[in-house]
>>> print(open('entry-v4.cif').read())   # mmCIF, C-alpha atoms
data_work
loop_
_atom_site.label_atom_id
_atom_site.label_comp_id
_atom_site.auth_asym_id
_atom_site.auth_seq_id
_atom_site.Cartn_x
_atom_site.Cartn_y
_atom_site.Cartn_z
CA MET A 12 0.00 0.00 0.00
CA LEU A 13 1.32 3.42 -0.91
CA SER A 14 2.26 5.92 1.76
CA ALA A 15 0.47 9.27 1.72
CA PRO A 16 3.45 11.11 0.13
CA ASP A 17 3.83 8.41 -2.55
CA LYS A 18 0.09 8.51 -3.28
CA ALA A 19 0.26 12.28 -3.71
CA LEU A 20 3.26 11.85 -6.03
CA GLU A 21 1.43 9.18 -8.01
CA ASN A 22 -1.55 11.51 -8.54
CA ARG A 23 0.73 14.31 -9.75
CA LEU A 24 2.46 11.94 -12.15
CA ARG A 25 -0.88 10.72 -13.51
CA ARG A 26 -1.78 14.31 -14.38
CA ALA A 27 1.62 14.87 -15.96
CA ALA A 28 1.29 11.68 -18.03
CA LYS A 29 -2.20 12.67 -19.17
CA ALA A 30 -0.89 16.03 -20.34
CA ARG A 31 1.58 14.16 -22.59
CA GLY A 32 -1.14 11.87 -23.98
CA TYR A 33 -0.44 8.82 -21.81
CA LEU A 34 -2.14 6.79 -19.11
CA LEU A 35 -0.06 5.95 -16.04
CA GLU A 36 -1.00 2.50 -14.77
CA ARG A 37 0.13 0.71 -11.62
CA ASN A 38 0.39 -3.06 -11.52
CA PRO A 39 -2.86 -4.24 -9.89
CA VAL A 40 -1.19 -7.32 -8.35
CA ARG A 41 -1.33 -7.06 -4.55
CA THR A 42 1.07 -9.84 -3.62
CA PRO A 43 4.43 -8.28 -2.65
CA SER A 44 6.36 -11.35 -3.77
CA ALA A 45 4.82 -11.32 -7.26
CA PRO A 46 6.93 -10.20 -10.25
CA ALA A 47 6.59 -6.50 -11.07
CA TYR A 48 4.69 -5.81 -7.85
CA GLY A 49 4.32 -2.05 -7.31
CA LEU A 50 5.71 -1.15 -10.74
CA TYR A 51 4.18 1.18 -13.33
CA ARG A 52 3.81 1.52 -17.08
CA LEU A 53 2.84 4.24 -19.56
CA ARG A 54 0.18 3.50 -22.17
CA ALA A 55 -0.76 5.75 -25.06
CA SER A 56 -4.52 5.17 -24.70
CA ALA A 57 -7.06 2.76 -23.26
CA GLY A 58 -7.03 0.66 -26.43
CA ALA A 59 -3.32 0.84 -27.21
CA LYS A 60 -0.86 -2.03 -27.10
CA THR A 61 0.23 -2.66 -23.53
CA ALA A 62 3.78 -2.49 -22.22
CA PRO A 63 5.12 -4.48 -19.27
CA TYR A 64 5.04 -3.03 -15.80
CA ALA A 65 8.69 -2.06 -15.45
CA LEU A 66 8.92 1.42 -13.89
CA PRO A 67 9.41 2.03 -10.17
CA LEU A 68 7.70 5.18 -8.95
CA SER A 69 11.06 6.97 -8.71
CA GLN A 70 11.61 6.59 -12.47
CA VAL A 71 8.14 7.53 -13.71
CA ALA A 72 8.81 11.29 -13.94
CA ASP A 73 11.84 10.77 -16.19
CA ALA A 74 9.89 8.34 -18.37
CA ILE A 75 7.11 10.89 -18.86
CA GLN A 76 9.57 13.64 -19.78
CA THR A 77 11.31 11.49 -22.41
CA ALA A 78 8.17 9.87 -23.85
CA LYS A 79 7.36 10.79 -27.44
CA THR A 80 3.93 12.05 -28.44
CA PRO A 81 1.85 8.94 -29.20
CA LYS A 82 1.47 8.22 -32.92
CA LYS A 83 -1.85 8.92 -34.59
CA GLN A 84 -2.93 10.97 -31.62
CA ARG A 85 -4.58 14.26 -32.36
CA VAL A 86 -3.07 16.67 -29.89
CA VAL A 87 -5.65 19.21 -28.77
CA THR A 88 -4.15 22.17 -26.98
CA ASP A 89 -5.69 24.94 -24.98
CA ARG A 90 -2.31 26.56 -24.53
CA TRP A 91 -1.93 29.99 -26.07
CA LEU A 92 1.00 31.86 -24.61
CA THR A 93 0.57 35.48 -23.58
CA PRO A 94 3.06 37.86 -25.23
CA LYS A 95 5.59 38.76 -22.55
CA PRO A 96 5.50 42.55 -23.22
CA LEU A 97 1.82 42.60 -22.30
CA VAL A 98 2.53 41.04 -18.91
CA GLN A 99 5.73 43.00 -18.29
CA ALA A 100 3.81 46.27 -18.73
CA LEU A 101 1.86 45.35 -15.59
CA GLY A 102 4.88 44.80 -13.33
CA GLU A 103 6.11 41.71 -11.53
CA PHE A 104 3.93 38.75 -10.56
CA ASP A 105 4.52 36.11 -7.90
CA LEU A 106 2.60 33.21 -9.45
CA ASP A 107 1.32 31.94 -12.79
CA PRO A 108 -0.99 28.94 -12.15
CA CYS A 109 -1.49 28.21 -15.88
CA GLY A 110 2.13 28.34 -16.96
CA ALA A 111 4.01 26.80 -19.87
CA PRO A 112 7.53 25.35 -20.02
CA GLY A 113 10.07 27.93 -21.14
CA HIS A 114 7.60 30.82 -21.00
CA GLU A 115 7.79 32.00 -17.41
CA LEU A 116 5.76 35.12 -16.62
CA ALA A 117 6.00 35.09 -12.83
CA ALA A 118 8.44 34.25 -10.05
CA ARG A 119 6.78 30.83 -9.72
CA THR A 120 5.11 28.96 -12.55
CA LEU A 121 2.80 25.96 -12.14
CA ILE A 122 3.09 23.65 -15.16
CA LEU A 123 0.73 20.76 -15.85
CA GLU A 124 3.46 18.69 -17.53
CA ASN A 125 5.45 18.84 -14.30
CA GLY A 126 2.55 17.41 -12.34
CA ASP A 127 1.42 20.78 -10.96
CA ASP A 128 -2.26 21.48 -10.43
CA GLY A 129 -2.97 25.18 -10.86
CA LEU A 130 -6.39 24.89 -9.24
CA GLN A 131 -5.46 22.78 -6.23
CA ASP A 132 -1.92 23.94 -5.45
CA PRO A 133 -1.60 26.94 -3.08
CA TRP A 134 -1.76 30.44 -4.54
CA HIS A 135 0.30 33.26 -3.07
CA GLY A 136 1.03 36.91 -3.71
CA ARG A 137 0.22 38.69 -6.94
CA VAL A 138 -1.11 36.25 -9.55
CA TRP A 139 -1.04 36.43 -13.34
CA LEU A 140 -3.84 34.36 -14.91
CA ASN A 141 -4.36 33.41 -18.55
CA PRO A 142 -6.90 30.60 -18.02
CA PRO A 143 -7.98 27.96 -20.55
CA PHE A 144 -10.70 29.36 -22.82
CA SER A 145 -12.11 26.46 -24.81
CA ARG A 146 -13.40 24.32 -21.93
CA ALA A 147 -16.10 25.98 -19.87
CA GLU A 148 -15.57 24.28 -16.51
CA PRO A 149 -11.80 24.82 -16.11
CA HIS A 150 -12.22 28.39 -17.35
CA ARG A 151 -14.94 29.08 -14.80
CA ALA A 152 -12.99 27.41 -12.00
CA PHE A 153 -9.77 29.35 -12.59
CA VAL A 154 -11.53 32.72 -12.76
CA ALA A 155 -13.50 31.90 -9.62
CA ARG A 156 -10.23 31.01 -7.86
CA MET A 157 -8.77 34.35 -8.93
CA ALA A 158 -11.82 36.20 -7.64
CA GLU A 159 -11.48 34.39 -4.32
CA HIS A 160 -7.74 35.12 -4.15
CA GLY A 161 -8.37 38.79 -4.88
CA HIS A 162 -4.82 39.82 -5.80
CA GLY A 163 -3.71 39.73 -9.41
CA THR A 164 -4.68 40.31 -13.02
CA ALA A 165 -6.48 37.99 -15.44
CA LEU A 166 -6.61 38.04 -19.23
CA LEU A 167 -10.18 37.11 -20.18
CA PRO A 168 -12.37 36.98 -23.28
CA LEU A 169 -14.83 39.85 -23.27
CA TRP A 170 -17.81 37.54 -22.75
CA THR A 171 -19.61 39.95 -20.46
CA ASP A 172 -22.99 38.19 -20.58
CA THR A 173 -21.68 34.92 -19.10
CA ASP A 174 -21.92 33.56 -15.58
CA VAL A 175 -18.14 33.89 -15.28
CA TRP A 176 -18.33 37.65 -15.62
CA GLU A 177 -21.46 37.93 -13.52
CA ASP A 178 -20.05 35.88 -10.63
CA SER A 179 -16.30 36.53 -10.76
CA VAL A 180 -15.75 39.88 -12.51
CA TRP A 181 -18.49 42.48 -12.19
CA THR A 182 -19.09 41.91 -8.49
CA VAL A 183 -15.48 41.28 -7.45
CA ALA A 184 -12.90 42.96 -9.70
CA ALA A 185 -11.40 46.38 -9.00
CA ALA A 186 -10.94 47.49 -12.62
CA ILE A 187 -11.14 46.35 -16.24
CA LEU A 188 -9.13 47.36 -19.28
CA VAL A 189 -10.95 46.51 -22.52
CA LEU A 190 -8.06 46.00 -24.93
CA ARG A 191 -8.02 48.12 -28.06
CA ASN A 192 -6.24 45.51 -30.18
CA ARG A 193 -6.71 41.77 -30.51
CA VAL A 194 -4.13 39.81 -28.53
CA ARG A 195 -1.62 37.98 -30.72
CA PHE A 196 -0.91 34.90 -28.65
CA LEU A 197 2.05 32.63 -29.24
CA LYS A 198 1.63 28.96 -30.04
CA ALA A 199 3.01 26.32 -27.69
CA ASP A 200 6.25 26.18 -29.70
CA GLY A 201 6.71 29.96 -29.38
CA SER A 202 5.73 30.84 -32.95
CA PRO A 203 3.24 33.69 -33.47
CA SER A 204 -0.43 33.05 -34.10
CA PRO A 205 -3.07 35.24 -35.75
CA GLY A 206 -4.87 37.65 -33.48
CA ALA A 207 -7.45 36.24 -31.08
CA PRO A 208 -10.85 35.79 -32.79
CA PHE A 209 -12.61 37.73 -30.03
CA ALA A 210 -12.12 40.88 -28.00
CA MET A 211 -10.36 40.55 -24.65
CA ALA A 212 -9.92 42.43 -21.41
CA LEU A 213 -7.44 42.62 -18.57
CA VAL A 214 -9.26 42.28 -15.26
CA ALA A 215 -7.61 43.60 -12.10
CA TYR A 216 -8.34 42.14 -8.67
CA GLY A 217 -7.29 44.40 -5.80
CA GLU A 218 -6.29 48.05 -5.74
CA GLN A 219 -2.61 47.35 -6.48
CA ASP A 220 -3.52 45.69 -9.75
CA ALA A 221 -6.08 48.35 -10.61
CA ASP A 222 -3.36 51.00 -10.24
CA ALA A 223 -0.94 48.91 -12.31
CA LEU A 224 -3.56 48.51 -15.01
CA ALA A 225 -4.36 52.23 -15.07
CA GLY A 226 -0.68 53.16 -15.42
CA SER A 227 0.39 50.37 -17.77
CA GLY A 228 0.15 52.33 -21.01
CA ILE A 229 -1.60 49.38 -22.66
CA GLY A 230 -4.09 50.61 -25.25
CA GLY A 231 -7.72 50.24 -24.36
CA HIS A 232 -10.63 51.59 -22.35
CA PHE A 233 -10.11 51.61 -18.57
CA LEU A 234 -13.16 51.00 -16.37
CA PRO A 235 -13.06 51.18 -12.56
CA VAL A 236 -15.46 48.57 -11.20
CA SER A 237 -15.46 48.91 -7.43
#
>>> encode(input="entry-v4.cif", output="structure tokens")
Amino acid sequence: MLSAPDKALENRLRRAAKARGYLLERNPVRTPSAPAYGLYRLRASAGAKTAPYALPLSQVADAIQTAKTPKKQRVVTDRWLTPKPLVQALGEFDLDPCGAPGHELAARTLILENGDDGLQDPWHGRVWLNPPFSRAEPHRAFVARMAEHGHGTALLPLWTDTDVWEDSVWTVAAAILVLRNRVRFLKADGSPSPGAPFAMALVAYGEQDADALAGSGIGGHFLPVS
């Protein structure tokens, strides 16, 4: 039976494996003397060819990092990197809970591929948030977490008639900057993408971030909220 720290590590590694397109499976055999007891394997999908259980828990992280993207897998990404100048105009941030490898925008970056969980891991200090847009529930959850935290700035689609804005922006935020120009995100590999297909806004939580937004020089229409 796994200890509490090992169980927590296993859960983090499962998330990291999933982000790379793999399932992390532990040998279901419960007899300690059995071959491969307590070992793990990576599998590309539920129907893919199985590999032997050969990885001790201590080697799983390295195996995930070196695993190739599974063949014939359509990789769907919700990762669009914020241009660094946009964030730098707002000053320094302590935490980015939706970070990407090699694209650090804050002193600490939580990265899914490293087994981090931006929703469950502790938040601290001034937070920069560019949440996932395409999936409603993670988007709602991240913005709600920011509203609860109350210290930071979020980059959000200007979907002002949604529950997200009603519950976590209009009644909570300190200020909003409706951006004049469409944001030109970077793709996961760092290459430029076309401008976002919808208008966006920077939403400040807390007076420090409202002041930073007002003095940022970023083009747009500034609206104090509370």
>>> resolve_selection(input="entry-v4.cif", expression="the PyMOL selection byres ((chain A and resi 219) around 10)", output="MDAnalysis selection string")
chainID A and resid 137 162:164 185 215:218 220:224
>>> resolve_selection(input="entry-v4.cif", expression="the PyMOL selection byres ((chain A and resi 26) around 10)", output="MDAnalysis selection string")
chainID A and resid 21:25 27:35 123:128
>>> resolve_selection(input="entry-v4.cif", expression="the PyMOL selection byres ((chain A and resi 118-120) around 12)", output="PyMOL selection string")
chain A and resi 102-117+121-129+132-140
>>> closest_residue(input="entry-v4.cif", among="A:Leu197, A:Ala210, A:Thr182, A:Glu148", to="Leu167 (chain A)", atoms="all atoms listed in the file")
A:Ala210
>>> closest_residue(input="entry-v4.cif", among="A:Leu20, A:Ala152, A:Ala45, A:Ala15", to="Val71 (chain A)", atoms="only C-alpha atoms")
A:Leu20
>>> atom_distance(input="entry-v4.cif", atom1="CA of Pro94 (chain A)", atom2="CA of Arg195 (chain A)")
7.2 Å
>>> residues_around(input="entry-v4.cif", residues="Asn38 (chain A)", least_positions_apart="3", cutoff="10 Å", atoms="all atoms listed in the file", output="list in words")
Arg41, Pro46, Ala47, Tyr48, Gly49, Leu50, Tyr51, Arg52, Pro63, Tyr64, Ala65 and Leu66 of chain A
>>> write_last_selection(input="entry-v4.cif", atoms="C-alpha atoms", output="short mmCIF file (atom, residue, chain, number, x, y, z; two decimals), in the frame of the given file")
data_model
loop_
_atom_site.label_atom_id
_atom_site.label_comp_id
_atom_site.auth_asym_id
_atom_site.auth_seq_id
_atom_site.Cartn_x
_atom_site.Cartn_y
_atom_site.Cartn_z
CA ARG A 41 -1.33 -7.06 -4.55
CA PRO A 46 6.93 -10.20 -10.25
CA ALA A 47 6.59 -6.50 -11.07
CA TYR A 48 4.69 -5.81 -7.85
CA GLY A 49 4.32 -2.05 -7.31
CA LEU A 50 5.71 -1.15 -10.74
CA TYR A 51 4.18 1.18 -13.33
CA ARG A 52 3.81 1.52 -17.08
CA PRO A 63 5.12 -4.48 -19.27
CA TYR A 64 5.04 -3.03 -15.80
CA ALA A 65 8.69 -2.06 -15.45
CA LEU A 66 8.92 1.42 -13.89
#
>>> closest_residue(input="entry-v4.cif", among="A:Gln76, A:Ser237, A:Gln70, A:Ser227", to="Gln99 (chain A)", atoms="all atoms listed in the file")
A:Ser227
